[in-house]
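What follows is a single structure, written as structure tokens, with notes after it.
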Amino acid sequence: MTLALIDALQDRIASLDVQGLRRRRRTTHSACAPQLVVDGQRVLSFNSNDYLGLAADARIATALQEGVRLYGAGSGASHLVSGHTQAHEALEERLADFMAPHLVQADALYLSTGYMANLAVLTALASATPGEAEIFSDALNHASIIDGARLSRARVTVYPHNDVAALAQALAASDAATRIVVTDSVFSMDGDIAPLPQILALAQRHGAWLVVDDAHGFGVLGEHGRGALEHFSLKSPELVCMGALGKAAGVSGAFVAAHATVIDWLVQRARPYIYTTAAAPALAHALLTSLAVIDSREGQQRRAQLDLLQHQLSELPLRAGWRQLPSNTPIQPLVIGDNAATLAVAQALFSSGIWASAIRAPTVPVGSARLRFTLSATHTQEDVGRLLDALHAIAKEP
């Protein structure tokens, strides 16, 4: 027996170690919250995407338990076989109603993950009309968008980050039968927001779909938490919105909201939806409670708390070579650049009881390794002050 294949993998892993790129997991021993026990150590976490602090909310946990009593632990089949339950249907109807102010003839589809949702939308839309399709994708879009574009077999044009002029030129030069512009709303590693009004105007001018990945905007942006579409007061039949339900909503899964005809087409042709077992109906049942909180006075108060904390964290302590990226969202990145230096700062913070992961290539461009601090409405001003104090101390070190 030879271990040549194993040895080759071990060599590749060793090279990642040398470059400071090897990923390692830490194990949490408590519910998602600012105060966690991680690898046996109590820490203050700035690491999750639980923006509204709903992941451990007792009301949502109770709703999840109720969902298990009503529907059991699993769905048993794909949606199109026998796995589509009353809970899934109720959630989709609620999501469609929630997003209706920004879509024409709104409908919604619930999928197991945001990754699957992006694959579903891009592959299905690219196959919707005869002839070649072309996808226009922001350079900093999420990996699920990149993979969805690849799987679509469409021609892919990547335009510079948030460069509306470059996108306009690319659209004008395209002769594709189907054109799809796709962008994150809030970019997950930079925290900035796409200029969606200008992008939508371009898409409409050139007869293109605009697909918005609102994973980090849904629940956070807008008066009612409807996300980037509400933030910019957008409405169009050509809009397709993907929203994550495992971030601000605190549970799991994702949805696509769009014109009812688009949703019908996804049911007919979106392979990541058709050929997978439906998510546990108890999750859909719990999400109804999440949406009730998001679309309430309490939800507005939680978003106001996020705004307060973002302002407090808007000026991080810096040392030579460090750079804070401008962000008006709960994602607050501190670019350090070098992999080893970034890992060292992350470890220094962890040793002081603060957990923030080092983000390196290929998640971010080479040479832009960073700490990505994410805020939750359940953080306090004292929590943020503790982070700032720890960073001040590290920044002063020789």
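Going through the structure tokens in order, the chains are called A, B, and so on, while each chain numbers its residues from 1 and the ligands are numbered from 1 in the order shown.
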
Non-local contacts of Pro317 (chain A) (8 Å; only C-alpha atoms; under 2 positions in same chain excluded) as an NGL selection string: :A and (315 or 319 or 388 or 391-392 or 395)

How close does each residue of region 39-88 of chain A get to region 349-370 of chain A, giving the shortest atom pair and distance in Å to one decimal for every residue with an atom at most 10 Å away, counting only C-alpha atoms, sorted by chain and residue number, as CSV?
```
residue,atom,partner,partner_atom,distance
A:Gln41,CA,A:Gly353,CA,7.8
A:Arg42,CA,A:Gly353,CA,6.7
A:Val43,CA,A:Gly353,CA,4.5
A:Leu44,CA,A:Ile354,CA,4.7
A:Ser45,CA,A:Trp355,CA,4.7
A:Phe46,CA,A:Ala356,CA,5.4
A:Asn47,CA,A:Ala356,CA,5.2
A:Ser48,CA,A:Ala356,CA,9.0
```

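Note that CA of Gly114 (chain A) and CA of Gly67 (chain A) are 21.7 Å apart.
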
DSSP helix (DSSP H, G or I) residues within region 12-246 of chain A, listed as a PyMOL selection string: chain A and resi 12-19+58-71+79-83+86-102+114-126+143-152+164-173+196-205+228-231

All strand (DSSP E or B) residues (DSSP, backbone) inside region 83-155 of chain A, as JSON, numbers by chain: {"A": [103, 106, 107, 108, 109, 110, 111, 133, 134, 135, 136, 137, 138, 155]}

Could you write out that same residue set with C-alpha atoms as a PDB file, in the first residue's frame?
```
ATOM      1  CA  LEU A 103     -40.563  43.996  -5.663  1.00  0.00           C
ATOM      2  CA  ALA A 106     -43.375  39.525  -4.990  1.00  0.00           C
ATOM      3  CA  ASP A 107     -42.928  35.874  -4.166  1.00  0.00           C
ATOM      4  CA  ALA A 108     -40.260  34.058  -2.164  1.00  0.00           C
ATOM      5  CA  LEU A 109     -38.456  30.721  -2.005  1.00  0.00           C
ATOM      6  CA  TYR A 110     -36.759  29.259   1.072  1.00  0.00           C
ATOM      7  CA  LEU A 111     -33.477  27.369   0.571  1.00  0.00           C
ATOM      8  CA  ALA A 133     -25.907  34.602 -21.163  1.00  0.00           C
ATOM      9  CA  GLU A 134     -23.395  36.989 -19.616  1.00  0.00           C
ATOM     10  CA  ILE A 135     -22.943  37.623 -15.908  1.00  0.00           C
ATOM     11  CA  PHE A 136     -21.430  40.891 -14.681  1.00  0.00           C
ATOM     12  CA  SER A 137     -19.954  40.345 -11.238  1.00  0.00           C
ATOM     13  CA  ASP A 138     -18.297  42.740  -8.776  1.00  0.00           C
ATOM     14  CA  ARG A 155     -19.763  34.261 -20.026  1.00  0.00           C
TER      15      ARG A 155
END
```

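Across A:Ala120, A:Ala63, A:Val186, A:Ala33, the tightest approach to Ala87 (chain A) is made by A:Ala63 when counting only C-alpha atoms.
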
Distance of CA of Ile13 (chain A) from CA of Ala344 (chain A), expressed in Å to one decimal place: 19.9 Å

Exercise: Ala280 (chain A) partners within 7 Å, only C-alpha atoms, chain neighbours under 5 positions left out, as a list in words: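 Contacts, in chain order: Ala73, Gly74 and Ser75 of chain A.
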
Interatomic distance (Å, one decimal) between CA of Pro330 (chain A) and CA of Asp163 (chain A):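 Going from CA of Pro330 (chain A) over to CA of Asp163 (chain A), I get 23.0 Å.
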
Non-local contacts of Leu245 (chain A) (9 Å; only C-alpha atoms; under 4 positions in same chain excluded) as a list in words: Thr113, Gly114, Ala215, Phe218, Gly219, Ala249, Gly250, Val251, Ser252, Gly253, Ala254, Phe255, Leu287 and Ser290 of chain A

Near-His142 (chain A) list (9 Å; only C-alpha atoms; drop same-chain fewer than 3 positions) as a ChimeraX atom specification: /A:145-147,183-184,187-188,213,363

Selected residue of minimal separation from Ala117 (chain A) among A:Val156, A:Ala177, A:Val211, A:Leu316, counting only C-alpha atoms: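 Of all the options, A:Val211 lies closest to Ala117 (chain A).
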
Residue with smallest distance to Arg297 (chain A) - pool A:Asp190, A:Glu397, A:Glu238, A:Glu223, counting only C-alpha atoms: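 Between A:Asp190, A:Glu397, A:Glu238, A:Glu223, the residue approaching Arg297 (chain A) most closely is A:Glu223.
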
Spatial neighbours of Val81 (chain A), 10 Å, only C-alpha atoms, chain gap at least 5 places, as a list in words: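 The residues satisfying every condition are Gly76, Ile274, Tyr275, Thr277 and Ala278 of chain A.
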